[in-house]
Amino acid sequence: VTITGPSISRILAPYDQMKFLCTVCSLFLYSVSVNAQAPCSSKDAGPFLATLPTLTMDIFEATEQDLIASPESYRSELRLYGEVNGMGADGIVLEVMPDYAFFNPEDTFRFASHNGVNYVELYKQIDRDGPTAALDDDTNVFGFTLKCSLQSNMSDYVLYDAKIFVLDVNDNDPEFGNLTDTLTINELTPVDMSVLPVRATDKDLNDDMSGHFAMDAETGDLIVMSPLDYETQSEGTLVIAVSDNGTPARTATATLQVRIEDGDDQGPVFVYPGCWQHRGRCAWPKYTASTVLKKGEPIAVFPVPNKVKANVPIKARDLDATNNPVSFSIASTIPPGSESMFTVSTSQTGSGEYQAVITPTQDMNVHHGFEIFLQVEEHSDSRRFEVAMIFFEVGRKQHVCIIIRTNEPVIALIVVVAILAAFILCLAIAFFCVLRKSGSRKSDDVTL
């Protein structure tokens with residue numbers, strides 16, 4: 001059988017036509033989803049309102065010998081799409097901007113890609129502990145702005161607020177401080193009088209409890225030597241040693257498991273994902289919101305910095321295990337005098353957390369830069385409190401690659417447009433098939 005003037009409707013059976021249309025639509029939508037993971041976009045990206053998107057990495061300190069013996073142990077994943085220094089369509093170029101505080105990270109770290117995964121690598125030895133046991137000379141973190149550009153178009157780039165945290169390794173011996181070689185004591189020195197304070201320090205971080213306690217060598221009393229903090233360290237070990245005066249001396253040791261009970265010494269804290277953490281609390285809590293406000297409609301806020309893809313509830317809790325109740329109120333506004341234009345309600349959400357809902361009492365368009373200072377206060381005799389800022393903005397200019405969408409509404413718009421386009425394309429193909437099938441019945445020449 002010879003068929004002339006074949007049409008797609010004659011070649012494909014109805015079931016196959018449906019499979020064909022679905023395949024076309026799937027390929028189209030897949031191409032859209034691929035673009036959502038464009039080079040230079042973060043794998044943990046969110047709206048990132050009012051701040052640069054963030055990248056955090058952790059790497060242990062190391063000597064040159066450590067780096068030679070096991071270089072792969074001193075790197076951390078750089079969670080960006082694309083391939084560092086790659087030459088293909090997904091190739092990206094990373095550049096440290098000159099706004100770092102003290103040290104250029106590129107003098108110690110480098111960016112590389114291995115087996116499709118991007119990393120920041122330590123290639124030069126680094127001593128986290130500094131020259132003394134004091135904490136203020138430690139090299140704990142490298143903070144800098146990271147510029148990510150497309151290899152194919154260097155004018156399209158994204159800026160990231162990047163931090164590389166240097167983790168401690170126990171690589172230092174304890175050191176005696178100003179210990180004299182000779183001790184001269186008067187024969188009339190009373191019994192039980194201290195004649196020589198012996199002090200020692202360690203540059204490394206102490207994970208045990210030895211720095212908090214001392215023991216009277218005569219009475220065996222265990223004495224608290226430095227303040228305890230449940231939030232910093234709630235439990236640990238303490239090794240006690242006792243020795244006799246024999247020759248040779250015999251020694252016995254015992255290990256204590258020390259547990260610290262929580263006291264009411266902490267105030268309330270705001271709780272939201274992605275915040276800057278310091279000692280278990282969100283430091284400098286901040287949110288952003290739109291300048292367009294509707295009467296009776298709760299204000300939707302985004303946390304700063306942000307690694308989530310939607311607005312979040314405003315939550316807080318008492319940092320102590322006692323879980324004192326808390327309540328929210330507006331402490332002030334900038335410019336001042338707008339406190340009465342909002343109402344604040346507090347409700348308990350469970351697990352010791354409380355939620356605030358801020359509602360305008362009238363329709364309003366506040367100007368860009370308007371601020372609300374929201375206070376959360378615990379119900380206790382101490383009445384400790386914390387304050388968070390809500391920053392209202394129309395929108396800010398970002399140096400963002402055109403194909404990279406870090407704003408959630410824009411991503412949603414792209415998805416909607418893509419779905420509509422795919423739907424229209426499918427209808428057009430189906431309509432074309434119907435026309436060709438109808439025409440083929442009249443004009444196709446079939447020869448047997």
# chains A, B, ... in the order shown; residues from 1 in each chain; ligands from 1
$ closest_atom_pairs --of "range 160-199 of chain A" --to "range 53-62 of chain A" --cutoff "7 Å" --atoms "only C-alpha atoms" --output "tab-separated table"
residue	atom	partner	partner_atom	distance
A:Tyr160	CA	A:Pro53	CA	5.1
A:Asp161	CA	A:Thr54	CA	4.6
A:Ala162	CA	A:Leu55	CA	4.6
A:Lys163	CA	A:Thr56	CA	4.9
A:Ile164	CA	A:Met57	CA	4.8
A:Phe165	CA	A:Asp58	CA	4.8
A:Val166	CA	A:Ile59	CA	5.2
A:Leu167	CA	A:Phe60	CA	4.4
A:Asp168	CA	A:Phe60	CA	6.1
A:Val169	CA	A:Glu61	CA	6.5
$ write_last_selection --atoms "C-alpha atoms" --output "PDB file, in the first residue's frame"
ATOM      1  CA  TYR A 160      26.612  36.095  47.907  1.00  0.00           C
ATOM      2  CA  ASP A 161      27.396  36.871  51.546  1.00  0.00           C
ATOM      3  CA  ALA A 162      29.876  34.023  52.153  1.00  0.00           C
ATOM      4  CA  LYS A 163      31.424  32.772  55.390  1.00  0.00           C
ATOM      5  CA  ILE A 164      34.043  30.046  55.853  1.00  0.00           C
ATOM      6  CA  PHE A 165      34.173  28.834  59.470  1.00  0.00           C
ATOM      7  CA  VAL A 166      37.499  27.343  60.616  1.00  0.00           C
ATOM      8  CA  LEU A 167      36.923  24.408  62.991  1.00  0.00           C
ATOM      9  CA  ASP A 168      39.289  23.584  65.845  1.00  0.00           C
ATOM     10  CA  VAL A 169      41.622  20.584  66.076  1.00  0.00           C
TER      11      VAL A 169
END
$ residues_around --residues "Phe391 in chain A" --least-positions-apart "2" --cutoff "9 Å" --atoms "only C-alpha atoms" --output "PyMOL selection string"
chain A and resi 50+286-290+368-373+389+393
$ closest_residue --among "A:Val292, A:Leu78, A:Ala422, A:Val326" --to "Ser347 in chain A" --atoms "only C-alpha atoms"
A:Val326
$ closest_residue --among "A:Gly267, A:Pro174, A:Pro190, A:Pro360" --to "Ser345 in chain A" --atoms "only C-alpha atoms"
A:Pro360
$ select_by_dssp --residues "range 63-174 of chain A" --states "helix (DSSP H, G or I)" --output "list in words"
Glu64, Gln65, Asp66, Leu67, Ile68, Ala69, Pro71, Glu72, Ser73, Pro105, Glu106, Asp107, Leu135, Asp136 and Asp137 of chain A
$ select_by_dssp --residues "range 133-343 of chain A" --states "strand (DSSP E)" --output "PyMOL selection string"
chain A and resi 141-150+153-167+175-176+200-201+213-215+222-224+235-243+251-259+268-271+277-278+281-282+286-290+292-293+302-304+314-318+326-334+342-343
$ closest_residue --among "A:Lys43, A:His114, A:Lys124, A:Arg250" --to "Tyr74 in chain A" --atoms "only C-alpha atoms"
A:Lys124
$ closest_residue --among "A:Pro39, A:Pro98, A:Gly86, A:Pro71" --to "Glu121 in chain A" --atoms "only C-alpha atoms"
A:Pro71
